[in-house]
Amino acid sequence: MAVIFLEPGTDATQDFTFYGGTNPTGSSTITSDNTQSQDGPRSIKSLATPAGSQANIFTPNNVISDAGALMSGWFRFSTVAPATITLFMSASQATNGSLILGVGLNSNGTLHFSGRGTTQKDGSTVLSANTWYRISIGYIITSVSNWSATLYINGASEATTSNADGNLLLASTSCVGLGVNLSSQGGFASPAAMTIWVDSIYIDNRTDKTDCGNVHVTAKRSFSNGTTNGYTTQIGSGGSGYGTGHAPQVNERPLSTTNGWSMIGAGSAITEEYNIEGVSVGDVDITGATIVDYMGWLYSKSALSETGKIIVNNVSTNISLTSTNTMFTKAAGSSTYPAGTGKDIGEITSTTVTTVSLYEAGVIVAYIPAVGGSSIKTINGLAKASVKTIEGLAIASAKTWNGLA
């Protein structure tokens with residue numbers, strides 16, 4: 001099993017650069033929202049209006065496949081009594097393409113789960129409005145007549161469906177759709193006017209349909225120079241003002257191509273490396289958390305096409321740089337937080353005599369919070385802390401706002 005897609009509800013870039021596209025219709029919008037979040041400072045806000053319109057987003061193609069996947073995300077609904085069965089997470093053939101598997105919200109607050117062309121299933125758990133739930137789907141499709149899938153809410157099995165409920169009309173899963181989606185397949189209907197927030201998206205390629213556990217996703221920014229910082233030309237004259245060395249030019253939020261670092265006409269392989277924030281630093285303090293995996297990312301281009309490399313915790317992987325700014329990602333395949341030895345995230349040029357420009361770089365971490373531990377969120381520089389004790393023990397919460405308790 002390997003992680004294949006992580007995204008922290010736009011915390012890292014405050015936009016949708018990690019995704020394959022958005023599809024709002026009517027007066028609908030899909031935005032990076034700083035008013036609601038499950039982890040960190042932001043979430044994806046899908047606002048569908050009027051009824052019958054959609055506001056959805058799609059991962060890049062080829063993120064998932066019929067061989068098997070687990071798709072997990074945190075969802076918050078403005079209403080749990082939509083006028084129609086509203087689709088909000090799907091496995092599809094392509095970006096904005098044909099639905100294959102999907103989960104939606106019934107008008108009675110339960111979940112609706114089905115494959116395209118099959119008997120629909122309904123869950124029994126009644127959700128509450130304006131409450132965060134982790135909803136996930138594990139599936140495997142051997143053929144349209146041999147397939148199965150399981151739906152989970154907060155890690156508990158809610159419904160199952162398989163070829164016993166009918167043959168799928170389509171296979172060839174490729175991407176995941178999130179947010180209010182328009183579909184008339186699988187028992188779904190023209191969607192209701194409503195808002196759905198999405199956060200902490202996690203996808204892996206497991207084939208046993210089990211759940212991933214209480215996974216959260218957070219962004220960690222480049223914070224200081226690494227072992228080697230060979231890019232010699234600063235792009236722009238500004239930066240985030242956060243961190244040291246070259247880091248302020250490549251850790252900006254929102255993602256920006258105004259500032260960065262470049263190597264002009266090197267003619268040899270040049271390395272640019274960074275250390276990221278520590279476990280207790282940044283959007284979320286994940287001290288004591290179980291690290292599931294992490295993913296390094298770069299936003300970069302080259303004046304002439306070349307094969308460069310992305311560095312993730314001192315492991316280099318080829319990337320195809322072109323004259324178009326591109327998001328490059330690579331999962332580490334490690335349950336240990338990046339070592340902080342100067343090679344957490346970085347880039348290496350080829351020997352082509354050209355200009356390579358690095359605009360942003362960071363790491364996305366999937367983790368399971370420590371039971372009974374602390375969860376620290378920082379929003380616009382202000383800290384919010386909460387400490388929870390479960391199983392009948394007292395629950396205490398403390399908030400610090402502008403230094404006052």
# chains A, B, ... in the order shown; residues from 1 in each chain; ligands from 1
>>> residues_around(residues="Pro24 (chain A)", least_positions_apart="5", cutoff="6 Å", atoms="only C-alpha atoms", output="number ranges by chain")
A: 29, 54-55
>>> write_last_selection(atoms="C-alpha atoms", output="PDB file, in the first residue's frame")
ATOM      1  CA  THR A  29     -18.202  28.897  -6.368  1.00  0.00           C
ATOM      2  CA  GLN A  54     -22.575  22.278  -8.902  1.00  0.00           C
ATOM      3  CA  ALA A  55     -19.286  23.357  -7.373  1.00  0.00           C
TER       4      ALA A  55
END
>>> select_by_dssp(residues="region 157-235 of chain A", states="strand (DSSP E or B)", output="PyMOL selection string")
chain A and resi 157-162+175-181+194-204+216-229+233-235
>>> write_last_selection(atoms="C-alpha atoms", output="PDB file, in the first residue's frame")
ATOM      1  CA  SER A 157     -18.297   0.660   8.193  1.00  0.00           C
ATOM      2  CA  GLU A 158     -21.545   2.299   7.087  1.00  0.00           C
ATOM      3  CA  ALA A 159     -22.528   0.439   3.910  1.00  0.00           C
ATOM      4  CA  THR A 160     -21.169  -2.036   1.392  1.00  0.00           C
ATOM      5  CA  THR A 161     -21.962  -2.667  -2.242  1.00  0.00           C
ATOM      6  CA  SER A 162     -20.655  -5.131  -4.813  1.00  0.00           C
ATOM      7  CA  CYS A 175      -9.780  10.618 -10.525  1.00  0.00           C
ATOM      8  CA  VAL A 176     -11.695  11.660  -7.418  1.00  0.00           C
ATOM      9  CA  GLY A 177     -14.393  14.350  -7.410  1.00  0.00           C
ATOM     10  CA  LEU A 178     -15.128  16.391  -4.265  1.00  0.00           C
ATOM     11  CA  GLY A 179     -17.833  18.934  -3.423  1.00  0.00           C
ATOM     12  CA  VAL A 180     -21.392  19.399  -4.670  1.00  0.00           C
ATOM     13  CA  ASN A 181     -21.527  17.376  -7.882  1.00  0.00           C
ATOM     14  CA  MET A 194     -26.040  23.909  -0.181  1.00  0.00           C
ATOM     15  CA  THR A 195     -22.483  24.371   1.039  1.00  0.00           C
ATOM     16  CA  ILE A 196     -19.982  21.586   1.685  1.00  0.00           C
ATOM     17  CA  TRP A 197     -16.548  22.141   3.203  1.00  0.00           C
ATOM     18  CA  VAL A 198     -13.773  19.616   2.493  1.00  0.00           C
ATOM     19  CA  ASP A 199     -10.463  19.218   4.333  1.00  0.00           C
ATOM     20  CA  SER A 200      -7.581  16.747   4.800  1.00  0.00           C
ATOM     21  CA  ILE A 201      -7.859  14.705   1.600  1.00  0.00           C
ATOM     22  CA  TYR A 202      -6.009  11.387   1.693  1.00  0.00           C
ATOM     23  CA  ILE A 203      -5.839   8.718  -1.048  1.00  0.00           C
ATOM     24  CA  ASP A 204      -3.849   5.479  -1.121  1.00  0.00           C
ATOM     25  CA  HIS A 216      -5.548  14.170   9.146  1.00  0.00           C
ATOM     26  CA  VAL A 217      -3.435  16.107   6.639  1.00  0.00           C
ATOM     27  CA  THR A 218      -1.381  19.243   7.249  1.00  0.00           C
ATOM     28  CA  ALA A 219       1.137  21.391   5.386  1.00  0.00           C
ATOM     29  CA  LYS A 220       4.694  22.067   6.532  1.00  0.00           C
ATOM     30  CA  ARG A 221       6.539  24.967   4.916  1.00  0.00           C
ATOM     31  CA  SER A 222      10.163  25.312   3.866  1.00  0.00           C
ATOM     32  CA  PHE A 223      11.745  27.072   6.819  1.00  0.00           C
ATOM     33  CA  SER A 224      15.530  27.309   6.343  1.00  0.00           C
ATOM     34  CA  ASN A 225      18.318  26.612   3.882  1.00  0.00           C
ATOM     35  CA  GLY A 226      19.326  23.010   3.381  1.00  0.00           C
ATOM     36  CA  THR A 227      22.722  21.447   2.925  1.00  0.00           C
ATOM     37  CA  THR A 228      23.154  22.921  -0.557  1.00  0.00           C
ATOM     38  CA  ASN A 229      21.531  26.052  -1.949  1.00  0.00           C
ATOM     39  CA  THR A 233      19.554  34.377  -8.567  1.00  0.00           C
ATOM     40  CA  GLN A 234      16.648  35.641  -6.486  1.00  0.00           C
ATOM     41  CA  ILE A 235      13.379  36.057  -8.374  1.00  0.00           C
TER      42      ILE A 235
END
>>> closest_residue(among="A:Thr244, A:Ser190, A:Thr355, A:Thr110", to="Ala51 (chain A)", atoms="only C-alpha atoms")
A:Ser190
>>> closest_residue(among="A:Gly9, A:Gly267, A:Gly123, A:Gly213", to="Leu70 (chain A)", atoms="only C-alpha atoms")
A:Gly213
>>> closest_residue(among="A:Ser183, A:Ser72, A:Asn251, A:Asn34", to="Gly52 (chain A)", atoms="only C-alpha atoms")
A:Ser183
>>> residues_around(residues="region 252-264 of chain A", least_positions_apart="2", cutoff="9 Å", atoms="only C-alpha atoms", output="MDAnalysis selection string")
chainID A and resid 11:15 17 221 230:242 246:250 266:267 270 272 299 325 349 353:360
>>> residues_around(residues="Thr22 (chain A)", least_positions_apart="6", cutoff="8 Å", atoms="only C-alpha atoms", output="list in words")
Ile30, Ala55, Asn56, Ile57 and Phe58 of chain A
>>> closest_residue(among="A:Ala193, A:Ala370, A:Ile291, A:Ala269", to="Ser28 (chain A)", atoms="only C-alpha atoms")
A:Ala193
>>> residues_around(residues="Pro82 (chain A)", least_positions_apart="5", cutoff="7 Å", atoms="only C-alpha atoms", output="list of chain:residue names")
A:Asn106, A:Ser107, A:Ala192
>>> residues_around(residues="Thr317 (chain A)", least_positions_apart="4", cutoff="9 Å", atoms="only C-alpha atoms", output="PyMOL selection string")
chain A and resi 308-312+330
>>> write_last_selection(atoms="C-alpha atoms", output="PDB file, in the first residue's frame")
ATOM      1  CA  GLY A 308      15.307  17.553 -13.311  1.00  0.00           C
ATOM      2  CA  LYS A 309      14.803  15.902  -9.936  1.00  0.00           C
ATOM      3  CA  ILE A 310      12.648  16.453  -6.874  1.00  0.00           C
ATOM      4  CA  ILE A 311      14.358  15.698  -3.554  1.00  0.00           C
ATOM      5  CA  VAL A 312      12.211  14.346  -0.703  1.00  0.00           C
ATOM      6  CA  LYS A 330       6.409  12.727  -4.614  1.00  0.00           C
TER       7      LYS A 330
END
>>> residues_around(residues="Thr341 (chain A)", least_positions_apart="4", cutoff="10 Å", atoms="only C-alpha atoms", output="NGL selection string")
:A and (226-227 or 274-276 or 313-314)
>>> atom_distance(atom1="CA of Thr173 (chain A)", atom2="CA of Tyr139 (chain A)")
10.4 Å
>>> decode(residues="region 118-158 of chain A", atoms="C-alpha atoms", output="PDB file, in the first residue's frame")
ATOM      1  CA  THR A 118     -26.324  -0.808  -9.565  1.00  0.00           C
ATOM      2  CA  THR A 119     -28.759  -1.081  -6.683  1.00  0.00           C
ATOM      3  CA  GLN A 120     -28.324   1.872  -4.358  1.00  0.00           C
ATOM      4  CA  LYS A 121     -27.521   1.500  -0.659  1.00  0.00           C
ATOM      5  CA  ASP A 122     -28.340   3.862   2.189  1.00  0.00           C
ATOM      6  CA  GLY A 123     -26.516   4.213   5.478  1.00  0.00           C
ATOM      7  CA  SER A 124     -28.204   4.295   8.875  1.00  0.00           C
ATOM      8  CA  THR A 125     -26.165   6.994  10.629  1.00  0.00           C
ATOM      9  CA  VAL A 126     -27.945  10.361  10.692  1.00  0.00           C
ATOM     10  CA  LEU A 127     -25.436  13.172  10.294  1.00  0.00           C
ATOM     11  CA  SER A 128     -25.654  16.607  11.908  1.00  0.00           C
ATOM     12  CA  ALA A 129     -25.291  19.884  10.054  1.00  0.00           C
ATOM     13  CA  ASN A 130     -22.127  21.944  10.534  1.00  0.00           C
ATOM     14  CA  THR A 131     -20.207  18.994  11.995  1.00  0.00           C
ATOM     15  CA  TRP A 132     -16.984  17.541  10.605  1.00  0.00           C
ATOM     16  CA  TYR A 133     -17.043  13.871   9.534  1.00  0.00           C
ATOM     17  CA  ARG A 134     -14.302  11.780   7.973  1.00  0.00           C
ATOM     18  CA  ILE A 135     -15.934   9.893   5.124  1.00  0.00           C
ATOM     19  CA  SER A 136     -14.046   7.318   3.086  1.00  0.00           C
ATOM     20  CA  ILE A 137     -14.573   4.720   0.360  1.00  0.00           C
ATOM     21  CA  GLY A 138     -12.435   1.624  -0.197  1.00  0.00           C
ATOM     22  CA  TYR A 139     -12.971  -0.299  -3.428  1.00  0.00           C
ATOM     23  CA  ILE A 140     -11.566  -2.758  -5.925  1.00  0.00           C
ATOM     24  CA  ILE A 141     -12.843  -3.367  -9.463  1.00  0.00           C
ATOM     25  CA  THR A 142     -11.640  -6.524 -11.187  1.00  0.00           C
ATOM     26  CA  SER A 143     -14.273  -6.076 -13.897  1.00  0.00           C
ATOM     27  CA  VAL A 144     -17.709  -4.497 -14.236  1.00  0.00           C
ATOM     28  CA  SER A 145     -19.161  -7.821 -13.057  1.00  0.00           C
ATOM     29  CA  ASN A 146     -16.619  -8.438 -10.280  1.00  0.00           C
ATOM     30  CA  TRP A 147     -16.226  -5.521  -7.901  1.00  0.00           C
ATOM     31  CA  SER A 148     -16.898  -4.410  -4.334  1.00  0.00           C
ATOM     32  CA  ALA A 149     -16.730  -1.248  -2.203  1.00  0.00           C
ATOM     33  CA  THR A 150     -17.142  -0.210   1.429  1.00  0.00           C
ATOM     34  CA  LEU A 151     -18.250   3.159   2.799  1.00  0.00           C
ATOM     35  CA  TYR A 152     -16.993   4.401   6.183  1.00  0.00           C
ATOM     36  CA  ILE A 153     -17.943   7.243   8.548  1.00  0.00           C
ATOM     37  CA  ASN A 154     -15.223   8.138  11.049  1.00  0.00           C
ATOM     38  CA  GLY A 155     -13.657   4.725  10.473  1.00  0.00           C
ATOM     39  CA  ALA A 156     -16.831   2.677  11.056  1.00  0.00           C
ATOM     40  CA  SER A 157     -18.297   0.660   8.193  1.00  0.00           C
ATOM     41  CA  GLU A 158     -21.545   2.299   7.087  1.00  0.00           C
TER      42      GLU A 158
END
